[in-house]
Amino acid sequence: MNPNILVPEVQQFIQENLNIDLTRLVLSKSPFLNISSKELAEQIAGKKTAEKKLPNWFKTPFVYYPPKLALEQCSSEQTAAYKSRLLRGTTLVDLTGGMGVDTFAFARKAEQVIHIEKQTQLSEITRHNAQTLGLKNIQFVVSEAENWLKNNSGHWDTVYLDPSRRISGQKVFRLSDCEPNIVQLQEKIFEFSPYIIVKTAPLLDLKSGLTELKQVCEIHVISVNNEMKEVLWVLDKDFKGTEPTIHCIGLSNSEEQSFAFKLSEEKNYQIDQYAKIQEYFYEPDAAWLKAGCFKIITQQYNVGKLHTHTHLYTSDIVINNFPGRKFKVNRVYSYKEFCKSEMPKLANISCRNFPLNTTEIQAKHKIKDGGLQYLFFCTDEQNELIVVETHKV
């Protein structure tokens with residue numbers, strides 16, 4: 001951490017040059033002594049990333065931005081705020097503190113928080129930013145999570161960790177391959193805290209996670225603006241249930257949608273008849289699709305499902321609270337009819353349960369991405385390949 005970056009003149013330069021060509025800046029001479037052009041570029045890039053991901057950081061003067069990788073891997077303020085609602089009790093240990101976005105959100109709810117981070121410089125930066133953002137109830141410790149657990153005792157209401165999914169520059173996908181290894185550590189953590197929250201990437205399969213983690217009472221599957229962001233696993237040492245509750249959470253700038261169910265409810269729910277396409281058409285939010293909420297969604301939102309493996313839905317009246325994208329149907333083609341028709345030059349294409357993917361369809365039919373028309377290539381209730389031409393509601 002270079003304290004010279006926090007000088008008012010340097011902060012003003014960063015603010016006034018948010019749209020500067022960073023490559024040119026790095027190759028040019030720095031206008032400040034004791035600050036390299038690379039350091040200036042790193043701060044500008046960090047602040048620009050924060051504008052959408054961390055808006056309160058962006059608006060706060062004298063925030064010091066860490067290296068690019070930390071910013072890429074951190075939570076957004078929006079998902080961190082949701083996470084803080086899962087806090088139990090008044091004390092929390094964050095075993096993978098990083099740049100502190102989640103830690104700071106928890107600190108706004110808890111009385112006492114410990115931030116554990118193995119990188120000395122990142123811990124120093126996060127301590128500075130906590131003071132800058134007015135958070136005074138956080139203790140900062142430089143340590144490996146495993147070593148801290150080995151050398152400390154006592155009781156903590158909640159433990160949080162976000163295991164790193166990039167080891168030696170390579171991405172890993174199994175929980176047991178991440179650092180720290182929560183699969184090995186969970187019993188140790190339960191010795192001094194009955195409640196653990198684990199953040200994982202969207203790619204982790206839910207059933208796989210359930211085989212590796214113990215005492216999972218809740219799973220929170222979170223999307224932001226219909227884009228999958230993270231999965232949260234809540235482990236309760238005293239959980240006596242037979243299976244966790246899965247919470248589908250769709251966050252946006254204007255609202256929050258949620259739905260809770262259990263995998264057994266989804267498995268046991270029977271759809272007596274799949275639906276012919278009606279006037280309105282729906283594509284579920286990414287969180288609902290990730291959670292595997294395919295059948296029970298028809299009961300909750302009073303829509304028909306097209307096919308066992310086609311996770312698209314329809315209704316004769318618009319369902320305004322349906323979680324996901326809503327469309328008005330213009331026309332339904334058989335795929336053979338579509339191939340013989342006059343092709344649109346511009347359209348938004350989605351494929352569900354169809355032998356070709358989006359890229360292949362665009363190339364085959366010479367359709368460019370964009371415009372107001374939405375084409376869904378899918379399989380209907382009669383196992384026929386169809387194309388549904390729609391526009392957004």
# chains A, B, ... in the order shown; residues from 1 in each chain; ligands from 1

$ residues_around --residues "Leu87 of chain A" --least-positions-apart "5" --cutoff "12 Å" --atoms "only C-alpha atoms" --output "list in words"
Ala80, Ala81, Tyr82, Leu92, Val93, Asp94, Asp102, Thr103, Ala105, Phe106, Ala107, Arg108, Lys109, Ala110, Glu111, Gln112, Val113, Trp156, Asp157, Thr158, Val159, Tyr160, Tyr195, Ile196, Ile197, Val198, Val234 and Leu235 of chain A

$ select_by_dssp --residues "segment 10-81 of chain A" --states "helix (DSSP H, G or I)" --output "JSON, numbers by chain"
{"A": [10, 11, 12, 13, 14, 15, 16, 22, 23, 24, 25, 26, 27, 37, 38, 39, 40, 41, 42, 43, 44, 45, 46, 47, 48, 49, 50, 51, 52, 53, 55, 56, 57, 58, 59, 68, 69, 70, 71, 72, 73, 77, 78, 79, 80, 81]}

$ write_last_selection --atoms "N, CA and C atoms" --output "short mmCIF file (atom, residue, chain, number, x, y, z; two decimals), in the first residue's frame"
data_model
loop_
_atom_site.label_atom_id
_atom_site.label_comp_id
_atom_site.auth_asym_id
_atom_site.auth_seq_id
_atom_site.Cartn_x
_atom_site.Cartn_y
_atom_site.Cartn_z
N VAL A 10 -3.47 13.76 -5.54
CA VAL A 10 -3.49 12.50 -6.28
C VAL A 10 -4.92 11.98 -6.40
N GLN A 11 -5.67 12.08 -5.32
CA GLN A 11 -7.08 11.66 -5.37
C GLN A 11 -7.87 12.49 -6.38
N GLN A 12 -7.55 13.76 -6.47
CA GLN A 12 -8.22 14.61 -7.45
C GLN A 12 -7.86 14.18 -8.87
N PHE A 13 -6.59 13.84 -9.08
CA PHE A 13 -6.15 13.37 -10.40
C PHE A 13 -6.90 12.09 -10.79
N ILE A 14 -7.05 11.18 -9.85
CA ILE A 14 -7.76 9.92 -10.11
C ILE A 14 -9.21 10.20 -10.49
N GLN A 15 -9.85 11.08 -9.75
CA GLN A 15 -11.25 11.42 -10.01
C GLN A 15 -11.42 12.08 -11.38
N GLU A 16 -10.49 12.93 -11.74
CA GLU A 16 -10.63 13.69 -12.99
C GLU A 16 -10.21 12.88 -14.22
N LEU A 22 -5.89 3.96 -20.11
CA LEU A 22 -5.01 3.41 -19.07
C LEU A 22 -3.71 2.85 -19.65
N THR A 23 -3.77 2.30 -20.85
CA THR A 23 -2.55 1.78 -21.47
C THR A 23 -1.56 2.92 -21.72
N ARG A 24 -2.08 4.02 -22.22
CA ARG A 24 -1.21 5.18 -22.46
C ARG A 24 -0.67 5.74 -21.15
N LEU A 25 -1.52 5.73 -20.11
CA LEU A 25 -1.08 6.23 -18.80
C LEU A 25 0.08 5.39 -18.27
N VAL A 26 -0.04 4.07 -18.36
CA VAL A 26 1.00 3.17 -17.85
C VAL A 26 2.33 3.40 -18.58
N LEU A 27 2.25 3.71 -19.86
CA LEU A 27 3.46 3.89 -20.66
C LEU A 27 4.06 5.30 -20.55
N SER A 37 3.16 5.24 -12.62
CA SER A 37 2.02 5.32 -13.53
C SER A 37 1.15 4.07 -13.41
N LYS A 38 1.79 2.93 -13.16
CA LYS A 38 1.05 1.68 -12.99
C LYS A 38 0.13 1.75 -11.77
N GLU A 39 0.63 2.34 -10.68
CA GLU A 39 -0.19 2.47 -9.48
C GLU A 39 -1.38 3.40 -9.73
N LEU A 40 -1.16 4.47 -10.45
CA LEU A 40 -2.26 5.38 -10.78
C LEU A 40 -3.31 4.66 -11.63
N ALA A 41 -2.85 3.91 -12.61
CA ALA A 41 -3.77 3.18 -13.49
C ALA A 41 -4.58 2.15 -12.70
N GLU A 42 -3.92 1.51 -11.74
CA GLU A 42 -4.61 0.51 -10.91
C GLU A 42 -5.71 1.16 -10.07
N GLN A 43 -5.44 2.33 -9.53
CA GLN A 43 -6.46 3.03 -8.73
C GLN A 43 -7.62 3.51 -9.60
N ILE A 44 -7.32 4.02 -10.77
CA ILE A 44 -8.37 4.48 -11.68
C ILE A 44 -9.24 3.30 -12.12
N ALA A 45 -8.60 2.20 -12.49
CA ALA A 45 -9.34 1.01 -12.91
C ALA A 45 -10.22 0.49 -11.77
N GLY A 46 -9.66 0.50 -10.54
CA GLY A 46 -10.43 0.05 -9.39
C GLY A 46 -11.63 0.93 -9.12
N LYS A 47 -11.45 2.22 -9.21
CA LYS A 47 -12.55 3.14 -8.96
C LYS A 47 -13.64 3.00 -10.02
N LYS A 48 -13.23 2.78 -11.26
CA LYS A 48 -14.22 2.59 -12.33
C LYS A 48 -15.01 1.31 -12.10
N THR A 49 -14.37 0.25 -11.68
CA THR A 49 -15.07 -0.99 -11.36
C THR A 49 -16.06 -0.78 -10.22
N ALA A 50 -15.65 0.02 -9.25
CA ALA A 50 -16.49 0.27 -8.07
C ALA A 50 -17.75 1.06 -8.40
N GLU A 51 -17.73 1.83 -9.48
CA GLU A 51 -18.87 2.70 -9.79
C GLU A 51 -20.19 1.93 -9.83
N LYS A 52 -20.18 0.73 -10.41
CA LYS A 52 -21.41 -0.07 -10.47
C LYS A 52 -21.44 -1.15 -9.41
N LYS A 53 -20.28 -1.74 -9.14
CA LYS A 53 -20.25 -2.87 -8.21
C LYS A 53 -20.27 -2.43 -6.76
N PRO A 55 -21.01 1.10 -5.32
CA PRO A 55 -21.31 2.52 -5.50
C PRO A 55 -20.99 3.40 -4.29
N ASN A 56 -21.13 2.87 -3.07
CA ASN A 56 -20.80 3.68 -1.90
C ASN A 56 -19.29 3.87 -1.76
N TRP A 57 -18.53 2.90 -2.16
CA TRP A 57 -17.07 3.05 -2.19
C TRP A 57 -16.70 4.12 -3.22
N PHE A 58 -17.32 4.04 -4.38
CA PHE A 58 -17.04 4.98 -5.46
C PHE A 58 -17.30 6.41 -5.02
N LYS A 59 -18.35 6.63 -4.25
CA LYS A 59 -18.74 7.98 -3.83
C LYS A 59 -17.93 8.49 -2.64
N LYS A 68 -6.43 -5.79 -9.14
CA LYS A 68 -7.57 -6.15 -9.99
C LYS A 68 -8.24 -7.45 -9.58
N LEU A 69 -7.46 -8.48 -9.26
CA LEU A 69 -8.03 -9.80 -8.95
C LEU A 69 -8.96 -9.74 -7.75
N ALA A 70 -8.57 -8.98 -6.73
CA ALA A 70 -9.42 -8.85 -5.54
C ALA A 70 -10.76 -8.21 -5.90
N LEU A 71 -10.72 -7.20 -6.76
CA LEU A 71 -11.96 -6.54 -7.18
C LEU A 71 -12.83 -7.46 -8.03
N GLU A 72 -12.21 -8.27 -8.86
CA GLU A 72 -12.98 -9.20 -9.70
C GLU A 72 -13.67 -10.26 -8.85
N GLN A 73 -13.03 -10.70 -7.79
CA GLN A 73 -13.55 -11.81 -7.00
C GLN A 73 -14.48 -11.38 -5.87
N GLU A 77 -21.84 -4.78 -3.56
CA GLU A 77 -22.49 -4.28 -2.34
C GLU A 77 -23.90 -4.83 -2.20
N GLN A 78 -24.57 -5.04 -3.33
CA GLN A 78 -25.95 -5.52 -3.29
C GLN A 78 -26.03 -6.95 -2.75
N THR A 79 -25.15 -7.84 -3.23
CA THR A 79 -25.18 -9.21 -2.71
C THR A 79 -24.62 -9.28 -1.30
N ALA A 80 -23.66 -8.41 -0.97
CA ALA A 80 -23.13 -8.38 0.41
C ALA A 80 -24.21 -7.95 1.39
N ALA A 81 -25.03 -6.99 1.01
CA ALA A 81 -26.12 -6.53 1.88
C ALA A 81 -27.12 -7.66 2.11
#

$ atom_distance --atom1 "atom CA of Ser123 of chain A" --atom2 "atom CA of Leu149 of chain A"
17.7 Å

$ atom_distance --atom1 "atom CA of Glu265 of chain A" --atom2 "atom CA of Gln299 of chain A"
11.4 Å

$ residues_around --residues "segment 365-373 of chain A" --least-positions-apart "6" --cutoff "6 Å" --atoms "only C-alpha atoms" --output "number ranges by chain"
A: 345-348, 391
